[in-house]
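J.: Contents are mmCIF, N, CA and C atoms; file name model_7.cif:
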```
data_model
#
loop_
_atom_site.label_atom_id
_atom_site.label_comp_id
_atom_site.auth_asym_id
_atom_site.auth_seq_id
_atom_site.Cartn_x
_atom_site.Cartn_y
_atom_site.Cartn_z
N MET W 97 3.21 17.57 -15.36
CA MET W 97 1.79 17.34 -15.31
C MET W 97 1.28 17.81 -13.95
N GLN W 98 0.21 18.56 -13.98
CA GLN W 98 -0.42 19.06 -12.75
C GLN W 98 -1.87 18.59 -12.73
N VAL W 99 -2.23 17.90 -11.65
CA VAL W 99 -3.57 17.32 -11.57
C VAL W 99 -4.13 17.52 -10.17
N ILE W 100 -5.43 17.86 -10.11
CA ILE W 100 -6.14 17.88 -8.84
C ILE W 100 -7.30 16.89 -8.93
N PHE W 101 -7.32 15.98 -7.99
CA PHE W 101 -8.41 15.02 -7.86
C PHE W 101 -9.37 15.55 -6.81
N HIS W 102 -10.66 15.39 -7.05
CA HIS W 102 -11.69 15.90 -6.15
C HIS W 102 -12.51 14.71 -5.63
N VAL W 103 -12.47 14.51 -4.32
CA VAL W 103 -13.21 13.42 -3.69
C VAL W 103 -14.18 14.02 -2.69
N ASP W 104 -15.49 13.73 -2.88
CA ASP W 104 -16.48 14.23 -1.93
C ASP W 104 -17.38 13.13 -1.37
N GLU W 105 -17.05 11.88 -1.69
CA GLU W 105 -17.79 10.73 -1.17
C GLU W 105 -16.80 9.72 -0.61
N LEU W 106 -17.07 9.18 0.56
CA LEU W 106 -16.17 8.19 1.15
C LEU W 106 -15.97 6.99 0.22
N GLU W 107 -17.03 6.60 -0.48
CA GLU W 107 -16.97 5.42 -1.34
C GLU W 107 -16.04 5.61 -2.52
N LYS W 108 -15.69 6.84 -2.86
CA LYS W 108 -14.84 7.13 -4.01
C LYS W 108 -13.34 7.11 -3.69
N TRP W 109 -12.99 7.05 -2.39
CA TRP W 109 -11.59 7.10 -2.03
C TRP W 109 -10.75 5.98 -2.64
N PRO W 110 -11.19 4.71 -2.60
CA PRO W 110 -10.35 3.66 -3.20
C PRO W 110 -10.10 3.89 -4.69
N LEU W 111 -11.12 4.34 -5.40
CA LEU W 111 -10.97 4.63 -6.82
C LEU W 111 -9.98 5.78 -7.03
N ALA W 112 -10.11 6.84 -6.24
CA ALA W 112 -9.21 7.98 -6.35
C ALA W 112 -7.77 7.56 -6.05
N ALA W 113 -7.58 6.77 -5.01
CA ALA W 113 -6.23 6.30 -4.66
C ALA W 113 -5.64 5.48 -5.81
N GLY W 114 -6.46 4.65 -6.42
CA GLY W 114 -6.00 3.86 -7.56
C GLY W 114 -5.60 4.74 -8.73
N TYR W 115 -6.38 5.77 -9.02
CA TYR W 115 -6.05 6.70 -10.09
C TYR W 115 -4.71 7.38 -9.82
N VAL W 116 -4.52 7.81 -8.58
CA VAL W 116 -3.27 8.48 -8.22
C VAL W 116 -2.09 7.51 -8.35
N GLU W 117 -2.27 6.29 -7.87
CA GLU W 117 -1.20 5.29 -7.99
C GLU W 117 -0.85 5.04 -9.46
N ASN W 118 -1.88 4.94 -10.31
CA ASN W 118 -1.65 4.73 -11.74
C ASN W 118 -0.91 5.91 -12.37
N MET W 119 -1.29 7.12 -11.98
CA MET W 119 -0.64 8.29 -12.53
C MET W 119 0.82 8.36 -12.10
N LEU W 120 1.08 8.06 -10.83
CA LEU W 120 2.46 8.06 -10.36
C LEU W 120 3.29 7.01 -11.08
N ALA W 121 2.71 5.82 -11.31
CA ALA W 121 3.42 4.75 -12.02
C ALA W 121 3.73 5.19 -13.45
N TYR W 122 2.76 5.80 -14.12
CA TYR W 122 2.99 6.30 -15.48
C TYR W 122 4.12 7.32 -15.49
N CYS W 123 4.08 8.27 -14.58
CA CYS W 123 5.10 9.31 -14.54
C CYS W 123 6.48 8.73 -14.25
N GLU W 124 6.53 7.73 -13.39
CA GLU W 124 7.81 7.08 -13.09
C GLU W 124 8.36 6.38 -14.33
N GLU W 125 7.49 5.67 -15.03
CA GLU W 125 7.91 4.95 -16.24
C GLU W 125 8.32 5.89 -17.36
N SER W 126 7.61 6.99 -17.51
CA SER W 126 7.86 7.91 -18.62
C SER W 126 8.90 8.98 -18.30
N GLY W 127 9.25 9.10 -17.02
CA GLY W 127 10.20 10.13 -16.62
C GLY W 127 9.56 11.50 -16.48
N GLU W 128 8.25 11.55 -16.56
CA GLU W 128 7.54 12.81 -16.42
C GLU W 128 7.35 13.15 -14.95
N THR W 129 7.41 14.43 -14.62
CA THR W 129 7.16 14.85 -13.25
C THR W 129 5.68 15.17 -13.09
N ALA W 130 5.21 15.05 -11.87
CA ALA W 130 3.79 15.31 -11.61
C ALA W 130 3.65 16.07 -10.31
N GLN W 131 2.72 17.01 -10.32
CA GLN W 131 2.27 17.67 -9.11
C GLN W 131 0.82 17.23 -8.95
N ILE W 132 0.58 16.46 -7.89
CA ILE W 132 -0.75 15.89 -7.68
C ILE W 132 -1.29 16.33 -6.34
N GLU W 133 -2.53 16.80 -6.36
CA GLU W 133 -3.23 17.14 -5.13
C GLU W 133 -4.56 16.39 -5.13
N VAL W 134 -4.94 15.91 -3.97
CA VAL W 134 -6.25 15.30 -3.80
C VAL W 134 -7.00 16.16 -2.80
N LEU W 135 -8.08 16.76 -3.26
CA LEU W 135 -8.89 17.62 -2.40
C LEU W 135 -10.10 16.85 -1.91
N ALA W 136 -10.27 16.81 -0.60
CA ALA W 136 -11.45 16.17 -0.01
C ALA W 136 -12.38 17.24 0.53
N ASN W 137 -13.65 17.09 0.20
CA ASN W 137 -14.66 17.92 0.84
C ASN W 137 -15.88 17.05 1.11
N GLY W 138 -16.90 17.67 1.70
CA GLY W 138 -18.05 16.87 2.11
C GLY W 138 -17.63 15.82 3.13
N VAL W 139 -18.36 14.73 3.14
CA VAL W 139 -18.08 13.66 4.10
C VAL W 139 -16.73 13.00 3.85
N ALA W 140 -16.16 13.16 2.67
CA ALA W 140 -14.88 12.52 2.33
C ALA W 140 -13.72 12.98 3.20
N VAL W 141 -13.85 14.11 3.87
CA VAL W 141 -12.76 14.56 4.75
C VAL W 141 -12.52 13.56 5.88
N ARG W 142 -13.51 12.77 6.22
CA ARG W 142 -13.37 11.80 7.30
C ARG W 142 -12.28 10.77 7.02
N ALA W 143 -12.03 10.47 5.76
CA ALA W 143 -11.00 9.49 5.41
C ALA W 143 -9.60 9.97 5.78
N LEU W 144 -9.43 11.27 5.98
CA LEU W 144 -8.11 11.81 6.32
C LEU W 144 -7.89 11.94 7.82
N ALA W 145 -8.86 11.48 8.60
CA ALA W 145 -8.77 11.58 10.06
C ALA W 145 -8.64 10.18 10.66
N PRO W 146 -7.52 9.89 11.30
CA PRO W 146 -7.36 8.58 11.94
C PRO W 146 -8.52 8.28 12.88
N GLY W 147 -9.02 7.06 12.81
CA GLY W 147 -10.12 6.64 13.67
C GLY W 147 -11.50 6.99 13.14
N GLN W 148 -11.56 7.68 12.02
CA GLN W 148 -12.84 8.10 11.46
C GLN W 148 -13.29 7.25 10.27
N GLY W 149 -12.38 6.45 9.76
CA GLY W 149 -12.71 5.68 8.56
C GLY W 149 -11.90 4.41 8.48
N ASP W 150 -11.65 3.99 7.27
CA ASP W 150 -10.93 2.76 6.97
C ASP W 150 -9.43 2.94 7.22
N GLY W 151 -8.91 2.23 8.20
CA GLY W 151 -7.49 2.35 8.55
C GLY W 151 -6.56 1.92 7.43
N ALA W 152 -6.93 0.88 6.70
CA ALA W 152 -6.10 0.41 5.58
C ALA W 152 -6.06 1.46 4.48
N LEU W 153 -7.19 2.10 4.24
CA LEU W 153 -7.24 3.16 3.24
C LEU W 153 -6.36 4.33 3.66
N LEU W 154 -6.41 4.69 4.92
CA LEU W 154 -5.59 5.79 5.41
C LEU W 154 -4.11 5.47 5.24
N GLN W 155 -3.72 4.23 5.46
CA GLN W 155 -2.32 3.84 5.25
C GLN W 155 -1.94 3.96 3.77
N ARG W 156 -2.85 3.58 2.91
CA ARG W 156 -2.62 3.69 1.46
C ARG W 156 -2.45 5.16 1.07
N ILE W 157 -3.29 6.02 1.62
CA ILE W 157 -3.21 7.46 1.35
C ILE W 157 -1.89 8.02 1.90
N ALA W 158 -1.51 7.59 3.09
CA ALA W 158 -0.26 8.05 3.70
C ALA W 158 0.94 7.67 2.83
N ALA W 159 0.90 6.49 2.24
CA ALA W 159 2.00 6.06 1.35
C ALA W 159 2.08 6.97 0.13
N LEU W 160 0.95 7.40 -0.37
CA LEU W 160 0.95 8.33 -1.51
C LEU W 160 1.48 9.70 -1.08
N ALA W 161 1.13 10.11 0.12
CA ALA W 161 1.64 11.39 0.63
C ALA W 161 3.17 11.34 0.74
N GLU W 162 3.70 10.20 1.13
CA GLU W 162 5.16 10.05 1.21
C GLU W 162 5.82 10.19 -0.15
N LYS W 163 5.07 9.95 -1.21
CA LYS W 163 5.59 10.10 -2.58
C LYS W 163 5.39 11.51 -3.12
N GLY W 164 4.89 12.40 -2.28
CA GLY W 164 4.75 13.79 -2.67
C GLY W 164 3.36 14.24 -3.04
N VAL W 165 2.38 13.36 -2.95
CA VAL W 165 1.01 13.75 -3.26
C VAL W 165 0.48 14.60 -2.10
N VAL W 166 -0.14 15.72 -2.43
CA VAL W 166 -0.72 16.61 -1.42
C VAL W 166 -2.17 16.18 -1.18
N PHE W 167 -2.53 16.03 0.08
CA PHE W 167 -3.91 15.72 0.45
C PHE W 167 -4.45 16.91 1.24
N ALA W 168 -5.48 17.52 0.69
CA ALA W 168 -6.05 18.73 1.29
C ALA W 168 -7.49 18.47 1.70
N ALA W 169 -7.86 19.04 2.83
CA ALA W 169 -9.23 18.93 3.34
C ALA W 169 -9.83 20.32 3.41
N CYS W 170 -11.07 20.43 2.98
CA CYS W 170 -11.82 21.68 3.04
C CYS W 170 -12.18 22.00 4.49
N ARG W 171 -11.80 23.18 4.94
CA ARG W 171 -12.10 23.58 6.32
C ARG W 171 -13.61 23.66 6.56
N ASN W 172 -14.37 24.09 5.55
CA ASN W 172 -15.82 24.15 5.69
C ASN W 172 -16.41 22.76 5.88
N ALA W 173 -15.89 21.79 5.14
CA ALA W 173 -16.36 20.42 5.28
C ALA W 173 -15.98 19.85 6.64
N LEU W 174 -14.79 20.18 7.12
CA LEU W 174 -14.39 19.72 8.45
C LEU W 174 -15.38 20.24 9.49
N ARG W 175 -15.70 21.51 9.37
CA ARG W 175 -16.64 22.12 10.31
C ARG W 175 -18.00 21.40 10.24
N ALA W 176 -18.47 21.13 9.03
CA ALA W 176 -19.76 20.47 8.85
C ALA W 176 -19.75 19.04 9.41
N GLN W 177 -18.57 18.39 9.36
CA GLN W 177 -18.44 17.03 9.88
C GLN W 177 -18.04 17.02 11.36
N ARG W 178 -17.97 18.20 11.93
CA ARG W 178 -17.60 18.36 13.35
C ARG W 178 -16.22 17.77 13.65
N LEU W 179 -15.28 18.06 12.76
CA LEU W 179 -13.89 17.63 12.93
C LEU W 179 -12.99 18.86 13.01
N GLU W 180 -12.04 18.82 13.90
CA GLU W 180 -11.05 19.88 14.00
C GLU W 180 -9.90 19.55 13.04
N PRO W 181 -9.26 20.56 12.47
CA PRO W 181 -8.11 20.30 11.60
C PRO W 181 -7.03 19.45 12.27
N LYS W 182 -6.87 19.60 13.58
CA LYS W 182 -5.85 18.82 14.29
C LYS W 182 -6.20 17.33 14.35
N ALA W 183 -7.44 16.97 14.01
CA ALA W 183 -7.85 15.57 13.99
C ALA W 183 -7.36 14.85 12.73
N LEU W 184 -6.88 15.60 11.76
CA LEU W 184 -6.42 15.00 10.50
C LEU W 184 -5.06 14.35 10.67
N ALA W 185 -4.77 13.42 9.78
CA ALA W 185 -3.44 12.82 9.75
C ALA W 185 -2.41 13.93 9.53
N GLN W 186 -1.20 13.71 10.00
CA GLN W 186 -0.17 14.75 9.95
C GLN W 186 0.16 15.21 8.54
N PHE W 187 0.01 14.33 7.56
CA PHE W 187 0.36 14.69 6.20
C PHE W 187 -0.70 15.56 5.52
N ALA W 188 -1.91 15.63 6.07
CA ALA W 188 -3.01 16.37 5.44
C ALA W 188 -2.91 17.86 5.75
N VAL W 189 -3.28 18.66 4.78
CA VAL W 189 -3.33 20.11 4.96
C VAL W 189 -4.79 20.54 4.84
N THR W 190 -5.08 21.71 5.36
CA THR W 190 -6.44 22.24 5.21
C THR W 190 -6.40 23.44 4.27
N VAL W 191 -7.51 23.63 3.59
CA VAL W 191 -7.70 24.81 2.75
C VAL W 191 -9.00 25.46 3.21
N PRO W 192 -9.09 26.78 3.10
CA PRO W 192 -10.28 27.47 3.61
C PRO W 192 -11.59 27.00 2.99
N ALA W 193 -11.59 26.80 1.67
CA ALA W 193 -12.81 26.40 0.97
C ALA W 193 -12.43 25.51 -0.20
N GLY W 194 -12.98 24.32 -0.25
CA GLY W 194 -12.66 23.37 -1.30
C GLY W 194 -12.97 23.90 -2.69
N VAL W 195 -14.11 24.55 -2.84
CA VAL W 195 -14.48 25.05 -4.16
C VAL W 195 -13.50 26.11 -4.66
N VAL W 196 -13.00 26.92 -3.74
CA VAL W 196 -12.02 27.93 -4.12
C VAL W 196 -10.71 27.25 -4.51
N GLU W 197 -10.29 26.26 -3.75
CA GLU W 197 -9.07 25.52 -4.06
C GLU W 197 -9.15 24.90 -5.45
N LEU W 198 -10.29 24.29 -5.77
CA LEU W 198 -10.48 23.69 -7.09
C LEU W 198 -10.37 24.74 -8.19
N ALA W 199 -11.03 25.86 -8.01
CA ALA W 199 -11.01 26.92 -9.01
C ALA W 199 -9.60 27.48 -9.18
N GLN W 200 -8.90 27.70 -8.08
CA GLN W 200 -7.55 28.25 -8.16
C GLN W 200 -6.60 27.29 -8.87
N LYS W 201 -6.70 26.02 -8.55
CA LYS W 201 -5.83 25.04 -9.19
C LYS W 201 -6.12 24.95 -10.69
N GLN W 202 -7.38 25.00 -11.06
CA GLN W 202 -7.72 24.94 -12.48
C GLN W 202 -7.22 26.19 -13.21
N GLN W 203 -7.32 27.34 -12.57
CA GLN W 203 -6.79 28.58 -13.17
C GLN W 203 -5.28 28.50 -13.32
N ALA W 204 -4.63 27.75 -12.42
CA ALA W 204 -3.17 27.61 -12.47
C ALA W 204 -2.73 26.52 -13.45
N GLY W 205 -3.70 25.89 -14.14
CA GLY W 205 -3.35 24.91 -15.16
C GLY W 205 -3.47 23.47 -14.75
N TYR W 206 -3.98 23.21 -13.54
CA TYR W 206 -4.17 21.83 -13.09
C TYR W 206 -5.35 21.19 -13.84
N ALA W 207 -5.18 19.94 -14.24
CA ALA W 207 -6.30 19.18 -14.79
C ALA W 207 -7.17 18.75 -13.62
N TYR W 208 -8.46 18.72 -13.84
CA TYR W 208 -9.44 18.34 -12.80
C TYR W 208 -9.95 16.94 -13.08
N ILE W 209 -9.86 16.07 -12.08
CA ILE W 209 -10.38 14.71 -12.20
C ILE W 209 -11.24 14.41 -10.98
N ARG W 210 -12.44 13.95 -11.25
CA ARG W 210 -13.34 13.56 -10.16
C ARG W 210 -13.74 12.09 -10.35
N PRO W 211 -13.18 11.24 -9.51
CA PRO W 211 -13.51 9.80 -9.64
C PRO W 211 -14.97 9.52 -9.33
#
```
Do you think you could lay out the structure here as structure tokens?
T.:
Amino acid sequence: MQVIFHVDELEKWPLAAGYVENMLAYCEESGETAQIEVLANGVAVRALAPGQGDGALLQRIAALAEKGVVFAACRNALRAQRLEPKALAQFAVTVPAGVVELAQKQQAGYAYIRP
């Protein structure tokens, strides 16, 4: 199973994290493998930067990253939020443009989910 979650609002992060946790639990129970990416753009990139948002949420996201979930931040959104890529948590990666990342993943067969 290949899934990309799209988060562009800070308020949607807890819901997105819950969806990812549920998907991982399902895959573990069923023996199915999953490739999961969570793409943040807009103001939501702030959740991936220590000191910029909810510390407990960042710990929850970090735990998901340890399970193999990819967390990507749009470089354009980082620029708009006046954040440098080096300000992100170590597990986060940057992509040049969130919209391009979403399109590429969908072309590659990823299901798109927006909480």
J.: Between W:Pro192, W:Gly151, W:Gly127, W:Gly138, single out the one closest to Val103 of chain W, counting only C-alpha atoms.
T.: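 The shortest atom-to-atom distance to Val103 of chain W comes from W:Gly138.
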J.: Using all atoms listed in the file, determine which residues lie at most 6.5 Å from segment 195-207 of chain W, disregarding the query and same-chain residues fewer than 2 positions distant; provide the list as a tab-separated table (two decimals) with N, CA and C atoms, in the frame of the given file.
T.:
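Saved the output as selection.tsv:
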```tsv
chain	number	residue	atom	x	y	z
W	98	GLN	N	0.21	18.56	-13.98
W	98	GLN	CA	-0.42	19.06	-12.75
W	98	GLN	C	-1.87	18.59	-12.73
W	99	VAL	N	-2.23	17.90	-11.65
W	99	VAL	CA	-3.57	17.32	-11.57
W	99	VAL	C	-4.13	17.52	-10.17
W	100	ILE	N	-5.43	17.86	-10.11
W	100	ILE	CA	-6.14	17.88	-8.84
W	100	ILE	C	-7.30	16.89	-8.93
W	101	PHE	N	-7.32	15.98	-7.99
W	101	PHE	CA	-8.41	15.02	-7.86
W	101	PHE	C	-9.37	15.55	-6.81
W	193	ALA	N	-11.59	26.80	1.67
W	193	ALA	CA	-12.81	26.40	0.97
W	193	ALA	C	-12.43	25.51	-0.20
W	209	ILE	N	-9.86	16.07	-12.08
W	209	ILE	CA	-10.38	14.71	-12.20
W	209	ILE	C	-11.24	14.41	-10.98
```
J.: If you measure from atom CA of Glu133 of chain W to atom CA of Val189 of chain W, what distance in Å do you get, rounded to one decimal?
T.: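 Value for the atom CA of Glu133 of chain W-atom CA of Val189 of chain W distance: 10.5 Å.
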J.: What does the distance from atom CA of Val191 of chain W to atom CA of Asp104 of chain W come to in Å, to one decimal?
T.: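 Interatomic distance here is 14.5 Å.
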J.: Given only N, CA and C atoms as the basis, pick out the residue of W:Met97, W:Asn172, W:Ala112, W:Leu154 nearest to Glu128 of chain W.
T.: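 Counting only N, CA and C atoms, the residue closest to Glu128 of chain W is W:Met97.
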J.: To test your reading of the syntax: which residues would the PyMOL selection byres ((chain W and resi 173-182) around 7) return for the file shown? Reply as a PDB file with N, CA and C atoms, in the coordinates of the input.
T.:
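Wrote expr-v6.pdb, looks like this:
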```pdb
ATOM      1  N   ALA W 136     -10.270  16.810  -0.600  1.00  0.00           N
ATOM      2  CA  ALA W 136     -11.450  16.170  -0.010  1.00  0.00           C
ATOM      3  C   ALA W 136     -12.380  17.240   0.530  1.00  0.00           C
ATOM      4  N   ASN W 137     -13.650  17.090   0.200  1.00  0.00           N
ATOM      5  CA  ASN W 137     -14.660  17.920   0.840  1.00  0.00           C
ATOM      6  C   ASN W 137     -15.880  17.050   1.110  1.00  0.00           C
ATOM      7  N   GLY W 138     -16.900  17.670   1.700  1.00  0.00           N
ATOM      8  CA  GLY W 138     -18.050  16.870   2.110  1.00  0.00           C
ATOM      9  C   GLY W 138     -17.630  15.820   3.130  1.00  0.00           C
ATOM     10  N   VAL W 139     -18.360  14.730   3.140  1.00  0.00           N
ATOM     11  CA  VAL W 139     -18.080  13.660   4.100  1.00  0.00           C
ATOM     12  C   VAL W 139     -16.730  13.000   3.850  1.00  0.00           C
ATOM     13  N   VAL W 141     -13.850  14.110   3.870  1.00  0.00           N
ATOM     14  CA  VAL W 141     -12.760  14.560   4.750  1.00  0.00           C
ATOM     15  C   VAL W 141     -12.520  13.560   5.880  1.00  0.00           C
ATOM     16  N   ALA W 169      -7.860  19.040   2.830  1.00  0.00           N
ATOM     17  CA  ALA W 169      -9.230  18.930   3.340  1.00  0.00           C
ATOM     18  C   ALA W 169      -9.830  20.320   3.410  1.00  0.00           C
ATOM     19  N   CYS W 170     -11.070  20.430   2.980  1.00  0.00           N
ATOM     20  CA  CYS W 170     -11.820  21.680   3.040  1.00  0.00           C
ATOM     21  C   CYS W 170     -12.180  22.000   4.490  1.00  0.00           C
ATOM     22  N   ARG W 171     -11.800  23.180   4.940  1.00  0.00           N
ATOM     23  CA  ARG W 171     -12.100  23.580   6.320  1.00  0.00           C
ATOM     24  C   ARG W 171     -13.610  23.660   6.560  1.00  0.00           C
ATOM     25  N   ASN W 172     -14.370  24.090   5.550  1.00  0.00           N
ATOM     26  CA  ASN W 172     -15.820  24.150   5.690  1.00  0.00           C
ATOM     27  C   ASN W 172     -16.410  22.760   5.880  1.00  0.00           C
ATOM     28  N   ALA W 183      -7.440  16.970  14.010  1.00  0.00           N
ATOM     29  CA  ALA W 183      -7.850  15.570  13.990  1.00  0.00           C
ATOM     30  C   ALA W 183      -7.360  14.850  12.730  1.00  0.00           C
ATOM     31  N   LEU W 184      -6.880  15.600  11.760  1.00  0.00           N
ATOM     32  CA  LEU W 184      -6.420  15.000  10.500  1.00  0.00           C
ATOM     33  C   LEU W 184      -5.060  14.350  10.670  1.00  0.00           C
ATOM     34  N   ALA W 185      -4.770  13.420   9.780  1.00  0.00           N
ATOM     35  CA  ALA W 185      -3.440  12.820   9.750  1.00  0.00           C
ATOM     36  C   ALA W 185      -2.410  13.930   9.530  1.00  0.00           C
ATOM     37  N   THR W 190      -5.080  21.710   5.360  1.00  0.00           N
ATOM     38  CA  THR W 190      -6.440  22.240   5.210  1.00  0.00           C
ATOM     39  C   THR W 190      -6.400  23.440   4.270  1.00  0.00           C
ATOM     40  N   ALA W 193     -11.590  26.800   1.670  1.00  0.00           N
ATOM     41  CA  ALA W 193     -12.810  26.400   0.970  1.00  0.00           C
ATOM     42  C   ALA W 193     -12.430  25.510  -0.200  1.00  0.00           C
ATOM     43  N   GLY W 194     -12.980  24.320  -0.250  1.00  0.00           N
ATOM     44  CA  GLY W 194     -12.660  23.370  -1.300  1.00  0.00           C
ATOM     45  C   GLY W 194     -12.970  23.900  -2.690  1.00  0.00           C
TER      46      GLY W 194
END
```
J.: Tell me which protein, DNA and RNA residues are within 6 Å of His102 of chain W, counting only C-alpha atoms, leaving out same-chain ones fewer than 6 positions away, and put them as a list in words.
T.: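 After dropping sequence-adjacent residues, the list is Val134, Leu135 and Arg210 of chain W.
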J.: Need the shell around Ala113 of chain W: protein/DNA/RNA residues with any atom at most 8 Å away, counting only N, CA and C atoms. Skip same-chain ones fewer than 6 positions apart. Format as a PyMOL selection string?
T.: chain W and resi 119+156-157
J.: Fewer than 5 positions away in the same chain doesn't count, so skip those; otherwise give me all residues within 12 Å of Ala158 of chain W, counting only C-alpha atoms, as a PyMOL selection string.
T.: chain W and resi 113+143-146+151-153+163-167+184-188
J.: Once DSSP has gone over the backbone, tell me which residues of chain W are in alpha helix (DSSP H), as a short mmCIF file (atom, residue, chain, number, x, y, z; two decimals) with N, CA and C atoms, in the frame of the given file.
T.:
```
data_model
loop_
_atom_site.label_atom_id
_atom_site.label_comp_id
_atom_site.auth_asym_id
_atom_site.auth_seq_id
_atom_site.Cartn_x
_atom_site.Cartn_y
_atom_site.Cartn_z
N TRP W 109 -12.99 7.05 -2.39
CA TRP W 109 -11.59 7.10 -2.03
C TRP W 109 -10.75 5.98 -2.64
N PRO W 110 -11.19 4.71 -2.60
CA PRO W 110 -10.35 3.66 -3.20
C PRO W 110 -10.10 3.89 -4.69
N LEU W 111 -11.12 4.34 -5.40
CA LEU W 111 -10.97 4.63 -6.82
C LEU W 111 -9.98 5.78 -7.03
N ALA W 112 -10.11 6.84 -6.24
CA ALA W 112 -9.21 7.98 -6.35
C ALA W 112 -7.77 7.56 -6.05
N ALA W 113 -7.58 6.77 -5.01
CA ALA W 113 -6.23 6.30 -4.66
C ALA W 113 -5.64 5.48 -5.81
N GLY W 114 -6.46 4.65 -6.42
CA GLY W 114 -6.00 3.86 -7.56
C GLY W 114 -5.60 4.74 -8.73
N TYR W 115 -6.38 5.77 -9.02
CA TYR W 115 -6.05 6.70 -10.09
C TYR W 115 -4.71 7.38 -9.82
N VAL W 116 -4.52 7.81 -8.58
CA VAL W 116 -3.27 8.48 -8.22
C VAL W 116 -2.09 7.51 -8.35
N GLU W 117 -2.27 6.29 -7.87
CA GLU W 117 -1.20 5.29 -7.99
C GLU W 117 -0.85 5.04 -9.46
N ASN W 118 -1.88 4.94 -10.31
CA ASN W 118 -1.65 4.73 -11.74
C ASN W 118 -0.91 5.91 -12.37
N MET W 119 -1.29 7.12 -11.98
CA MET W 119 -0.64 8.29 -12.53
C MET W 119 0.82 8.36 -12.10
N LEU W 120 1.08 8.06 -10.83
CA LEU W 120 2.46 8.06 -10.36
C LEU W 120 3.29 7.01 -11.08
N ALA W 121 2.71 5.82 -11.31
CA ALA W 121 3.42 4.75 -12.02
C ALA W 121 3.73 5.19 -13.45
N TYR W 122 2.76 5.80 -14.12
CA TYR W 122 2.99 6.30 -15.48
C TYR W 122 4.12 7.32 -15.49
N CYS W 123 4.08 8.27 -14.58
CA CYS W 123 5.10 9.31 -14.54
C CYS W 123 6.48 8.73 -14.25
N GLU W 124 6.53 7.73 -13.39
CA GLU W 124 7.81 7.08 -13.09
C GLU W 124 8.36 6.38 -14.33
N GLU W 125 7.49 5.67 -15.03
CA GLU W 125 7.91 4.95 -16.24
C GLU W 125 8.32 5.89 -17.36
N SER W 126 7.61 6.99 -17.51
CA SER W 126 7.86 7.91 -18.62
C SER W 126 8.90 8.98 -18.30
N GLY W 151 -8.91 2.23 8.20
CA GLY W 151 -7.49 2.35 8.55
C GLY W 151 -6.56 1.92 7.43
N ALA W 152 -6.93 0.88 6.70
CA ALA W 152 -6.10 0.41 5.58
C ALA W 152 -6.06 1.46 4.48
N LEU W 153 -7.19 2.10 4.24
CA LEU W 153 -7.24 3.16 3.24
C LEU W 153 -6.36 4.33 3.66
N LEU W 154 -6.41 4.69 4.92
CA LEU W 154 -5.59 5.79 5.41
C LEU W 154 -4.11 5.47 5.24
N GLN W 155 -3.72 4.23 5.46
CA GLN W 155 -2.32 3.84 5.25
C GLN W 155 -1.94 3.96 3.77
N ARG W 156 -2.85 3.58 2.91
CA ARG W 156 -2.62 3.69 1.46
C ARG W 156 -2.45 5.16 1.07
N ILE W 157 -3.29 6.02 1.62
CA ILE W 157 -3.21 7.46 1.35
C ILE W 157 -1.89 8.02 1.90
N ALA W 158 -1.51 7.59 3.09
CA ALA W 158 -0.26 8.05 3.70
C ALA W 158 0.94 7.67 2.83
N ALA W 159 0.90 6.49 2.24
CA ALA W 159 2.00 6.06 1.35
C ALA W 159 2.08 6.97 0.13
N LEU W 160 0.95 7.40 -0.37
CA LEU W 160 0.95 8.33 -1.51
C LEU W 160 1.48 9.70 -1.08
N ALA W 161 1.13 10.11 0.12
CA ALA W 161 1.64 11.39 0.63
C ALA W 161 3.17 11.34 0.74
N GLU W 162 3.70 10.20 1.13
CA GLU W 162 5.16 10.05 1.21
C GLU W 162 5.82 10.19 -0.15
N ARG W 171 -11.80 23.18 4.94
CA ARG W 171 -12.10 23.58 6.32
C ARG W 171 -13.61 23.66 6.56
N ASN W 172 -14.37 24.09 5.55
CA ASN W 172 -15.82 24.15 5.69
C ASN W 172 -16.41 22.76 5.88
N ALA W 173 -15.89 21.79 5.14
CA ALA W 173 -16.36 20.42 5.28
C ALA W 173 -15.98 19.85 6.64
N LEU W 174 -14.79 20.18 7.12
CA LEU W 174 -14.39 19.72 8.45
C LEU W 174 -15.38 20.24 9.49
N ARG W 175 -15.70 21.51 9.37
CA ARG W 175 -16.64 22.12 10.31
C ARG W 175 -18.00 21.40 10.24
N ALA W 176 -18.47 21.13 9.03
CA ALA W 176 -19.76 20.47 8.85
C ALA W 176 -19.75 19.04 9.41
N GLY W 194 -12.98 24.32 -0.25
CA GLY W 194 -12.66 23.37 -1.30
C GLY W 194 -12.97 23.90 -2.69
N VAL W 195 -14.11 24.55 -2.84
CA VAL W 195 -14.48 25.05 -4.16
C VAL W 195 -13.50 26.11 -4.66
N VAL W 196 -13.00 26.92 -3.74
CA VAL W 196 -12.02 27.93 -4.12
C VAL W 196 -10.71 27.25 -4.51
N GLU W 197 -10.29 26.26 -3.75
CA GLU W 197 -9.07 25.52 -4.06
C GLU W 197 -9.15 24.90 -5.45
N LEU W 198 -10.29 24.29 -5.77
CA LEU W 198 -10.48 23.69 -7.09
C LEU W 198 -10.37 24.74 -8.19
N ALA W 199 -11.03 25.86 -8.01
CA ALA W 199 -11.01 26.92 -9.01
C ALA W 199 -9.60 27.48 -9.18
N GLN W 200 -8.90 27.70 -8.08
CA GLN W 200 -7.55 28.25 -8.16
C GLN W 200 -6.60 27.29 -8.87
N LYS W 201 -6.70 26.02 -8.55
CA LYS W 201 -5.83 25.04 -9.19
C LYS W 201 -6.12 24.95 -10.69
N GLN W 202 -7.38 25.00 -11.06
CA GLN W 202 -7.72 24.94 -12.48
C GLN W 202 -7.22 26.19 -13.21
N GLN W 203 -7.32 27.34 -12.57
CA GLN W 203 -6.79 28.58 -13.17
C GLN W 203 -5.28 28.50 -13.32
#
```
